[in-house]
Amino acid sequence: MNTATLDASAPANPIPLQQDAAVIGLVGLAHGTSHFSHLLLAPLFPVFMRDFGLSFSDVGLLMTIFFVISGSGQAMAGFVVDRIGARPVLFAAIGCFLLAALAASVATGYPGLVLVAVLAGLGNAPFHPADFTILNQRVSAPRLGHAFSAHGLTGNLGWALAPAFLVGITALADWRTAYHAAALLYVGVLALLFWQRDKLLTQVHVRHADAPKGSDTAFLKLPVVWWCFSFFLLSTMTLAVVQSFAPSILKAVHGVSVEAATLTISAYMLCGAFGMLVGGFVAAYTKQSDRVVALAMSAGAVLLLVCATGWLGATGTMVALAATGFAVGVGGPSRDMMIKKATPKGATGRVYGTVYSGLDVGFAVSPLVFGSFMDRGWFAATLAGAALVLLVSVYAAVGVGRRTA
């Protein structure tokens with residue numbers, strides 16, 4: 001499918017709210033689908049460990065495979081998005097998710113789960129460069145803060161839906177049926193996006209014959225890009241701990257049931273989504289994005305440290321984990337505005353692809369590091385380590401702010 005070149009100028013104001021809302025809604029749906037796919041395997045780790053005789057390190061490696069492929073692919077996907085447009089890339093990505101769900105439904109052992117991780121990683125790779133290219137080109141500037149808020153909010157809703165969806169259907173039927181249902185979900189999303197495809201059209205980046213050699217990668221020489229990358233890597237390591245290991249920590253330390261522990265992760269994501277909603281208004285009315293991010297991440301780190309002490313008991317720890325999601329969520333839209341300020345004109349896909357690959361690296365590294373903690377029974381140290389890494393990410397956010405002031 002060809003992607004036409006649009007007018008390079010930013011959308012003029014006033015743009016009808018309905019037009020902006022339609023674009024934001026479609027991109028949000030796609031983003032929620034990608035976050036749902038982050039957890040295509042993780043909620044059922046206890047089931048796979050039981051059925052296939054796997055360890056925490058084994059299942060942690062599955063997430064590492066997913067995010068190594070996603071991260072390396074994401075940086076390259078940004079160039080593809082700039083060259084052929086975001087829309088065809090987005091459709092291909094959701095097609096990969098569909099194949100991953102079908103592969104999961106017929107898996108008979110660890111190699112089958114590895115295939116699922118590979119396919120889902122390929123599908124996840126293009127989402128951030130594609131999504132942010134569409135939002136930056138198709139949404140009017142005064143509503144970008146709210147667009148980033150909705151983008152983050154729908155991502156958290158995708159994370160919140162995945163455990164309830166997969167674990168719930170598994171409890172009612174079995175895990176293979178859960179993956180058949182996930183495949184149908186992907187078909188529905190792909191059909192809707194194709195129906196509304198005119199709203200996802202983006203400008204392509206045309207390389208001129210006389211362009212200097214290496215101009216496409218000149219943005220990599222900007223220090224602020226690597227500060228952004230570092231921030232994503234560090235802050236995501238913490239999120240990976242919560243997603244992958246918090247249910248097991250709650251069960252081991254506080255005797256919480258698997259169902260209740262899994263619902264805690266959904267609560268974390270829902271509170272994060274609400275935080276994103278609040279953060280959208282904060283991002284729209286403040287120019288100091290880096291300070292908002294730093295304060296939000298610091299609050300989240302303090303809450304995680306309290307959880308690590310075990311002082312709050314089972315219920316209190318679950319509530320504090322949910323509150324951590326809200327604190328981190330408030331900083332989400334300001335984080336995306338922070339990246340926008342660091343992005344040279346005409347390089348949206350490439351910069352977002354590179355910067356957000358830090359997210360995938362964080363997700364890849366974290367399960368390996370903290371999975372070994374879990375295998376040794378260092379449950380409190382796992383949460384404390386996640387909090388410490390989140391605090392270090394504050395320094396990176398401040399570094400970005402100094403270079404975009």
# chains A, B, ... in the order shown; residues from 1 in each chain; ligands from 1
>>> residues_around(residues="segment 266-269 of chain A", least_positions_apart="4", cutoff="9 Å", atoms="only C-alpha atoms", output="JSON, numbers by chain")
{"A": [153, 155, 156, 157, 158, 159, 160, 161, 162, 163, 164, 242, 262, 273, 274, 318, 319, 321, 322, 323, 324, 325, 326, 329]}
>>> residues_around(residues="Gly109 of chain A", least_positions_apart="4", cutoff="9 Å", atoms="only C-alpha atoms", output="PDB file with N, CA, C and O atoms, in the first residue's frame")
ATOM      1  N   PHE A  48       3.277 -21.929  32.555  1.00  0.00           N
ATOM      2  CA  PHE A  48       4.343 -22.514  31.740  1.00  0.00           C
ATOM      3  C   PHE A  48       5.412 -23.175  32.614  1.00  0.00           C
ATOM      4  O   PHE A  48       5.944 -24.232  32.251  1.00  0.00           O
ATOM      5  N   ASP A  51       3.713 -26.488  33.590  1.00  0.00           N
ATOM      6  CA  ASP A  51       3.475 -27.443  32.505  1.00  0.00           C
ATOM      7  C   ASP A  51       4.754 -27.877  31.790  1.00  0.00           C
ATOM      8  O   ASP A  51       4.858 -29.023  31.334  1.00  0.00           O
ATOM      9  N   PHE A  52       5.718 -26.957  31.679  1.00  0.00           N
ATOM     10  CA  PHE A  52       6.930 -27.250  30.915  1.00  0.00           C
ATOM     11  C   PHE A  52       8.175 -27.368  31.783  1.00  0.00           C
ATOM     12  O   PHE A  52       9.280 -27.536  31.250  1.00  0.00           O
ATOM     13  N   LEU A 113       7.549 -21.343  22.879  1.00  0.00           N
ATOM     14  CA  LEU A 113       7.433 -20.056  23.565  1.00  0.00           C
ATOM     15  C   LEU A 113       8.484 -19.066  23.055  1.00  0.00           C
ATOM     16  O   LEU A 113       8.224 -17.859  22.971  1.00  0.00           O
TER      17      LEU A 113
END
>>> select_by_dssp(residues="segment 8-186 of chain A", states="alpha helix (DSSP H)", output="PyMOL selection string")
chain A and resi 17-38+45-52+56-84+86-105+110-124+127-138+144-172+175-186
>>> closest_residue(among="A:Val225, A:Met374, A:Val81, A:Leu391", to="Ala301 of chain A", atoms="only C-alpha atoms")
A:Leu391
>>> closest_residue(among="A:Gly332, A:Gly25, A:Pro367, A:Gly121", to="Leu135 of chain A", atoms="only C-alpha atoms")
A:Gly25
>>> residues_around(residues="Ser235 of chain A", least_positions_apart="6", cutoff="7 Å", atoms="only C-alpha atoms", output="MDAnalysis selection string")
chainID A and resid 389:390 393
